[in-house]
>>> print(open('my_file-v2.tsv').read())   # TSV, C-alpha atoms
chain	number	residue	atom	x	y	z
A	1	MET	CA	97.03	118.04	122.48
A	2	ASN	CA	94.95	114.92	122.92
A	3	VAL	CA	97.63	112.30	123.65
A	4	LEU	CA	95.62	109.41	122.24
A	5	LEU	CA	95.07	111.25	118.94
A	6	GLY	CA	98.74	112.25	118.89
A	7	VAL	CA	99.96	108.69	119.38
A	8	GLY	CA	97.43	107.35	116.89
A	9	GLY	CA	98.37	110.03	114.36
A	10	PHE	CA	102.07	109.30	114.76
A	11	PHE	CA	101.58	105.58	114.15
A	12	LEU	CA	99.23	106.18	111.24
A	13	GLY	CA	101.78	108.53	109.69
A	14	TYR	CA	104.58	106.04	110.37
A	15	VAL	CA	102.77	103.16	108.67
A	16	PHE	CA	101.77	105.28	105.67
A	17	GLY	CA	105.29	106.71	105.44
A	18	SER	CA	106.76	103.20	105.55
A	19	ILE	CA	105.18	102.23	102.23
A	20	PRO	CA	108.16	101.80	99.85
A	21	CYS	CA	106.60	103.23	96.69
A	22	GLY	CA	109.84	103.13	94.70
A	23	LEU	CA	110.53	99.51	95.48
A	24	TRP	CA	106.99	98.30	94.87
A	25	LEU	CA	106.30	100.34	91.73
A	26	VAL	CA	109.58	99.44	90.03
A	27	ARG	CA	109.04	95.79	90.90
A	28	ALA	CA	105.47	95.91	89.53
A	29	PHE	CA	106.30	97.78	86.30
A	30	HIS	CA	109.79	96.45	85.52
A	31	GLY	CA	110.24	93.27	87.56
A	32	ILE	CA	113.48	94.39	89.21
A	33	ASP	CA	114.61	95.36	92.70
A	34	ILE	CA	115.66	99.01	92.39
A	35	ARG	CA	117.98	98.61	95.38
A	36	ASN	CA	120.31	96.56	93.15
A	37	TYR	CA	120.79	99.37	90.62
A	38	GLY	CA	122.34	102.82	90.54
A	39	SER	CA	122.74	104.34	93.99
A	40	GLY	CA	120.73	101.55	95.61
A	41	ASN	CA	118.19	104.08	96.86
A	42	ILE	CA	114.45	103.52	96.30
A	43	GLY	CA	113.77	107.20	95.67
A	44	THR	CA	112.65	109.12	92.63
A	45	THR	CA	116.13	110.13	91.44
A	46	ASN	CA	117.47	106.58	91.31
A	47	VAL	CA	114.25	105.33	89.74
A	48	PHE	CA	114.50	108.08	87.09
A	49	ARG	CA	118.11	107.23	86.28
A	50	THR	CA	117.46	103.49	86.23
A	51	VAL	CA	114.07	102.93	84.58
A	52	GLY	CA	112.88	106.30	83.33
A	53	THR	CA	110.54	109.22	83.66
A	54	ARG	CA	107.13	107.57	83.89
A	55	THR	CA	107.96	105.28	86.77
A	56	ALA	CA	109.90	108.06	88.52
A	57	ALA	CA	106.86	110.34	88.27
A	58	ALA	CA	104.69	107.58	89.76
A	59	VAL	CA	107.17	107.13	92.63
A	60	LEU	CA	107.27	110.88	93.28
A	61	LEU	CA	103.49	111.06	93.32
A	62	GLY	CA	103.17	107.97	95.54
A	63	ASP	CA	105.71	109.27	98.05
A	64	MET	CA	103.94	112.62	98.21
A	65	LEU	CA	100.48	111.10	98.51
A	66	LYS	CA	101.35	108.79	101.39
A	67	GLY	CA	102.18	111.81	103.54
A	68	ILE	CA	99.14	113.73	102.35
A	69	ALA	CA	96.82	110.76	102.97
A	70	ALA	CA	97.94	110.34	106.58
A	71	LEU	CA	97.42	114.04	107.26
A	72	MET	CA	94.00	114.06	105.60
A	73	ILE	CA	92.83	111.13	107.70
A	74	VAL	CA	94.00	112.69	110.97
A	75	SER	CA	92.52	116.05	109.99
A	76	ARG	CA	89.09	114.40	109.84
A	77	PHE	CA	89.35	113.69	113.58
A	78	THR	CA	91.03	116.86	114.87
A	79	ALA	CA	92.07	120.34	113.84
A	80	ASP	CA	94.78	120.43	116.51
A	81	PRO	CA	97.99	121.51	114.72
A	82	SER	CA	100.10	119.56	117.24
A	83	VAL	CA	98.43	116.28	116.25
A	84	VAL	CA	98.82	117.10	112.55
A	85	ALA	CA	102.52	117.92	113.10
A	86	VAL	CA	103.12	114.67	115.00
A	87	THR	CA	101.42	112.76	112.17
A	88	ALA	CA	103.67	114.46	109.62
A	89	LEU	CA	106.71	113.58	111.71
A	90	GLY	CA	105.55	109.95	111.79
A	91	ALA	CA	105.24	109.91	107.98
A	92	LEU	CA	108.74	111.31	107.55
A	93	LEU	CA	110.25	108.85	110.03
A	94	GLY	CA	108.32	106.00	108.43
A	95	HIS	CA	109.79	106.88	105.06
A	96	ASN	CA	113.31	107.09	106.49
A	97	TYR	CA	113.01	103.96	108.65
A	98	SER	CA	110.47	101.79	106.84
A	99	LEU	CA	108.78	98.84	108.51
A	100	PHE	CA	108.87	97.07	105.15
A	101	LEU	CA	112.61	97.58	104.54
A	102	GLY	CA	114.13	96.51	107.85
A	103	PHE	CA	113.98	100.07	109.22
A	104	LYS	CA	115.96	101.47	106.28
A	105	GLY	CA	114.51	103.86	103.76
A	106	GLY	CA	114.86	107.02	101.76
A	107	LYS	CA	115.58	110.66	102.40
A	108	ALA	CA	111.93	111.76	102.75
A	109	VAL	CA	112.23	114.60	100.25
A	110	ALA	CA	109.00	113.79	98.35
A	111	THR	CA	107.17	112.74	101.49
A	112	GLY	CA	108.15	116.05	103.09
A	113	LEU	CA	106.89	117.89	100.02
A	114	GLY	CA	103.54	116.16	100.37
>>> encode(input="my_file-v2.tsv", output="structure tokens")
Amino acid sequence: MNVLLGVGGFFLGYVFGSIPCGLWLVRAFHGIDIRNYGSGNIGTTNVFRTVGTRTAAAVLLGDMLKGIAALMIVSRFTADPSVVAVTALGALLGHNYSLFLGFKGGKAVATGLG
């Protein structure tokens, strides 16, 4: 594995994974902080229970796409499965320990699906 690509892939995945889709989409569409409602989680299930199907579907799609996007970008530079795996790990950890949420986050179910 090319160490530089591995480190770069991890950080790219981490930053992409850190994007709090649930928080940002609910705030944009409904003007509320989803963390103050229901379970307090920013994930699809809490969004569904709190504001409904359409926004929950957007959150699910956004959480899946952030993992896919990081992997697609890294795949343009290398076909090394180790680098791709490290990038995926970064995306999952970024979702669980988001830069934008004080290193708190979700459960990474949708991001893992992506």
>>> closest_residue(input="my_file-v2.tsv", among="A:Gly90, A:His30, A:Met1, A:Ala85", to="Thr55 (chain A)", atoms="all atoms listed in the file")
A:His30
>>> atom_distance(input="my_file-v2.tsv", atom1="CA of Tyr97 (chain A)", atom2="CA of Thr44 (chain A)")
16.8 Å
>>> closest_residue(input="my_file-v2.tsv", among="A:Asn96, A:Pro81, A:Ala69, A:Gly31", to="Gly43 (chain A)", atoms="only C-alpha atoms")
A:Asn96
>>> residues_near_point(input="my_file-v2.tsv", point="(95.7, 118.6, 106.5)", cutoff="12 Å", atoms="all atoms listed in the file", output="list in words")
Gly9, Leu65, Gly67, Ile68, Ala69, Ala70, Leu71, Met72, Ile73, Val74, Ser75, Arg76, Phe77, Thr78, Ala79, Asp80, Pro81, Ser82, Val83, Val84, Ala85, Val86, Thr87, Ala88 and Gly114 of chain A
>>> residues_near_point(input="my_file-v2.tsv", point="(105.7, 107.8, 107.1)", cutoff="8 Å", atoms="only C-alpha atoms", output="list in words")
Leu12, Gly13, Tyr14, Val15, Phe16, Gly17, Ser18, Ile19, Lys66, Gly67, Ala88, Leu89, Gly90, Ala91, Leu92, Leu93, Gly94, His95, Asn96, Ser98 and Thr111 of chain A
>>> atom_distance(input="my_file-v2.tsv", atom1="CA of Ser39 (chain A)", atom2="CA of Phe10 (chain A)")
29.7 Å
>>> atom_distance(input="my_file-v2.tsv", atom1="CA of Leu99 (chain A)", atom2="CA of Val26 (chain A)")
18.5 Å
>>> axis_aligned_box(input="my_file-v2.tsv", around="region 76-84 of chain A", padding_each_side="3 Å", output="JSON")
{"center_x": 94.6, "center_y": 117.6, "center_z": 113.5, "size_x": 17.0, "size_y": 13.8, "size_z": 13.4}
>>> closest_residue(input="my_file-v2.tsv", among="A:Ala56, A:Leu23, A:Phe100, A:Ala28", to="Gly40 (chain A)", atoms="all atoms listed in the file")
A:Leu23
>>> build_atoms(input="my_file-v2.tsv", residues="region 70-106 of chain A", atoms="N, CA and C atoms", output="PDB file, in the coordinates of the input")
ATOM      1  N   ALA A  70      97.913 110.450 105.119  1.00  0.00           N
ATOM      2  CA  ALA A  70      97.940 110.340 106.580  1.00  0.00           C
ATOM      3  C   ALA A  70      97.431 111.627 107.228  1.00  0.00           C
ATOM      4  N   LEU A  71      97.855 112.755 106.698  1.00  0.00           N
ATOM      5  CA  LEU A  71      97.420 114.040 107.260  1.00  0.00           C
ATOM      6  C   LEU A  71      95.936 114.285 107.032  1.00  0.00           C
ATOM      7  N   MET A  72      95.433 113.887 105.877  1.00  0.00           N
ATOM      8  CA  MET A  72      94.000 114.060 105.600  1.00  0.00           C
ATOM      9  C   MET A  72      93.150 113.222 106.543  1.00  0.00           C
ATOM     10  N   ILE A  73      93.581 111.999 106.800  1.00  0.00           N
ATOM     11  CA  ILE A  73      92.830 111.130 107.700  1.00  0.00           C
ATOM     12  C   ILE A  73      92.794 111.718 109.108  1.00  0.00           C
ATOM     13  N   VAL A  74      93.948 112.130 109.615  1.00  0.00           N
ATOM     14  CA  VAL A  74      94.000 112.690 110.970  1.00  0.00           C
ATOM     15  C   VAL A  74      93.214 113.991 111.051  1.00  0.00           C
ATOM     16  N   SER A  75      93.247 114.777 109.999  1.00  0.00           N
ATOM     17  CA  SER A  75      92.520 116.050 109.990  1.00  0.00           C
ATOM     18  C   SER A  75      91.010 115.862 110.067  1.00  0.00           C
ATOM     19  N   ARG A  76      90.530 114.686 109.715  1.00  0.00           N
ATOM     20  CA  ARG A  76      89.090 114.400 109.840  1.00  0.00           C
ATOM     21  C   ARG A  76      88.689 114.249 111.300  1.00  0.00           C
ATOM     22  N   PHE A  77      89.649 113.932 112.170  1.00  0.00           N
ATOM     23  CA  PHE A  77      89.350 113.690 113.580  1.00  0.00           C
ATOM     24  C   PHE A  77      89.697 114.873 114.484  1.00  0.00           C
ATOM     25  N   THR A  78      90.623 115.727 114.031  1.00  0.00           N
ATOM     26  CA  THR A  78      91.030 116.860 114.870  1.00  0.00           C
ATOM     27  C   THR A  78      91.592 117.974 114.007  1.00  0.00           C
ATOM     28  N   ALA A  79      91.462 119.186 114.494  1.00  0.00           N
ATOM     29  CA  ALA A  79      92.070 120.340 113.840  1.00  0.00           C
ATOM     30  C   ALA A  79      93.295 120.819 114.625  1.00  0.00           C
ATOM     31  N   ASP A  80      93.649 120.070 115.660  1.00  0.00           N
ATOM     32  CA  ASP A  80      94.780 120.430 116.510  1.00  0.00           C
ATOM     33  C   ASP A  80      96.083 120.368 115.701  1.00  0.00           C
ATOM     34  N   PRO A  81      96.765 121.498 115.527  1.00  0.00           N
ATOM     35  CA  PRO A  81      97.990 121.510 114.720  1.00  0.00           C
ATOM     36  C   PRO A  81      99.103 120.640 115.309  1.00  0.00           C
ATOM     37  N   SER A  82      99.087 120.417 116.615  1.00  0.00           N
ATOM     38  CA  SER A  82     100.100 119.560 117.240  1.00  0.00           C
ATOM     39  C   SER A  82      99.939 118.112 116.767  1.00  0.00           C
ATOM     40  N   VAL A  83      98.700 117.644 116.699  1.00  0.00           N
ATOM     41  CA  VAL A  83      98.430 116.280 116.250  1.00  0.00           C
ATOM     42  C   VAL A  83      98.814 116.134 114.777  1.00  0.00           C
ATOM     43  N   VAL A  84      98.479 117.133 113.976  1.00  0.00           N
ATOM     44  CA  VAL A  84      98.820 117.100 112.550  1.00  0.00           C
ATOM     45  C   VAL A  84     100.346 117.087 112.387  1.00  0.00           C
ATOM     46  N   ALA A  85     101.056 117.879 113.170  1.00  0.00           N
ATOM     47  CA  ALA A  85     102.520 117.920 113.100  1.00  0.00           C
ATOM     48  C   ALA A  85     103.145 116.589 113.506  1.00  0.00           C
ATOM     49  N   VAL A  86     102.604 115.964 114.547  1.00  0.00           N
ATOM     50  CA  VAL A  86     103.120 114.670 115.000  1.00  0.00           C
ATOM     51  C   VAL A  86     102.862 113.602 113.931  1.00  0.00           C
ATOM     52  N   THR A  87     101.728 113.692 113.256  1.00  0.00           N
ATOM     53  CA  THR A  87     101.420 112.760 112.170  1.00  0.00           C
ATOM     54  C   THR A  87     102.405 112.936 111.022  1.00  0.00           C
ATOM     55  N   ALA A  88     102.699 114.179 110.679  1.00  0.00           N
ATOM     56  CA  ALA A  88     103.670 114.460 109.620  1.00  0.00           C
ATOM     57  C   ALA A  88     105.048 113.929 109.994  1.00  0.00           C
ATOM     58  N   LEU A  89     105.431 114.110 111.237  1.00  0.00           N
ATOM     59  CA  LEU A  89     106.710 113.580 111.710  1.00  0.00           C
ATOM     60  C   LEU A  89     106.731 112.060 111.580  1.00  0.00           C
ATOM     61  N   GLY A  90     105.635 111.409 111.940  1.00  0.00           N
ATOM     62  CA  GLY A  90     105.550 109.950 111.790  1.00  0.00           C
ATOM     63  C   GLY A  90     105.724 109.520 110.346  1.00  0.00           C
ATOM     64  N   ALA A  91     105.112 110.253 109.410  1.00  0.00           N
ATOM     65  CA  ALA A  91     105.240 109.910 107.980  1.00  0.00           C
ATOM     66  C   ALA A  91     106.685 110.057 107.515  1.00  0.00           C
ATOM     67  N   LEU A  92     107.344 111.114 107.941  1.00  0.00           N
ATOM     68  CA  LEU A  92     108.740 111.310 107.550  1.00  0.00           C
ATOM     69  C   LEU A  92     109.641 110.217 108.132  1.00  0.00           C
ATOM     70  N   LEU A  93     109.445 109.905 109.402  1.00  0.00           N
ATOM     71  CA  LEU A  93     110.250 108.850 110.030  1.00  0.00           C
ATOM     72  C   LEU A  93     109.942 107.492 109.427  1.00  0.00           C
ATOM     73  N   GLY A  94     108.679 107.256 109.076  1.00  0.00           N
ATOM     74  CA  GLY A  94     108.320 106.000 108.430  1.00  0.00           C
ATOM     75  C   GLY A  94     109.001 105.857 107.084  1.00  0.00           C
ATOM     76  N   HIS A  95     109.103 106.941 106.343  1.00  0.00           N
ATOM     77  CA  HIS A  95     109.790 106.880 105.060  1.00  0.00           C
ATOM     78  C   HIS A  95     111.288 106.611 105.247  1.00  0.00           C
ATOM     79  N   ASN A  96     111.873 107.256 106.243  1.00  0.00           N
ATOM     80  CA  ASN A  96     113.310 107.090 106.490  1.00  0.00           C
ATOM     81  C   ASN A  96     113.657 105.747 107.123  1.00  0.00           C
ATOM     82  N   TYR A  97     112.762 105.209 107.916  1.00  0.00           N
ATOM     83  CA  TYR A  97     113.010 103.960 108.650  1.00  0.00           C
ATOM     84  C   TYR A  97     111.816 103.030 108.455  1.00  0.00           C
ATOM     85  N   SER A  98     111.653 102.542 107.240  1.00  0.00           N
ATOM     86  CA  SER A  98     110.470 101.790 106.840  1.00  0.00           C
ATOM     87  C   SER A  98     110.330 100.442 107.535  1.00  0.00           C
ATOM     88  N   LEU A  99     109.105 100.161 107.959  1.00  0.00           N
ATOM     89  CA  LEU A  99     108.780  98.840 108.510  1.00  0.00           C
ATOM     90  C   LEU A  99     109.025  97.736 107.493  1.00  0.00           C
ATOM     91  N   PHE A 100     108.806  98.054 106.223  1.00  0.00           N
ATOM     92  CA  PHE A 100     108.870  97.070 105.150  1.00  0.00           C
ATOM     93  C   PHE A 100     110.286  96.844 104.628  1.00  0.00           C
ATOM     94  N   LEU A 101     111.242  97.663 105.055  1.00  0.00           N
ATOM     95  CA  LEU A 101     112.610  97.580 104.540  1.00  0.00           C
ATOM     96  C   LEU A 101     113.629  97.375 105.662  1.00  0.00           C
ATOM     97  N   GLY A 102     113.211  96.748 106.743  1.00  0.00           N
ATOM     98  CA  GLY A 102     114.130  96.510 107.850  1.00  0.00           C
ATOM     99  C   GLY A 102     114.608  97.790 108.508  1.00  0.00           C
ATOM    100  N   PHE A 103     113.721  98.774 108.603  1.00  0.00           N
ATOM    101  CA  PHE A 103     113.980 100.070 109.220  1.00  0.00           C
ATOM    102  C   PHE A 103     115.063 100.862 108.487  1.00  0.00           C
ATOM    103  N   LYS A 104     115.144 100.640 107.168  1.00  0.00           N
ATOM    104  CA  LYS A 104     115.960 101.470 106.280  1.00  0.00           C
ATOM    105  C   LYS A 104     114.990 102.154 105.332  1.00  0.00           C
ATOM    106  N   GLY A 105     115.432 103.187 104.669  1.00  0.00           N
ATOM    107  CA  GLY A 105     114.510 103.860 103.760  1.00  0.00           C
ATOM    108  C   GLY A 105     115.175 104.953 102.969  1.00  0.00           C
ATOM    109  N   GLY A 106     114.397 105.947 102.622  1.00  0.00           N
ATOM    110  CA  GLY A 106     114.860 107.020 101.760  1.00  0.00           C
ATOM    111  C   GLY A 106     115.219 108.274 102.530  1.00  0.00           C
TER     112      GLY A 106
END
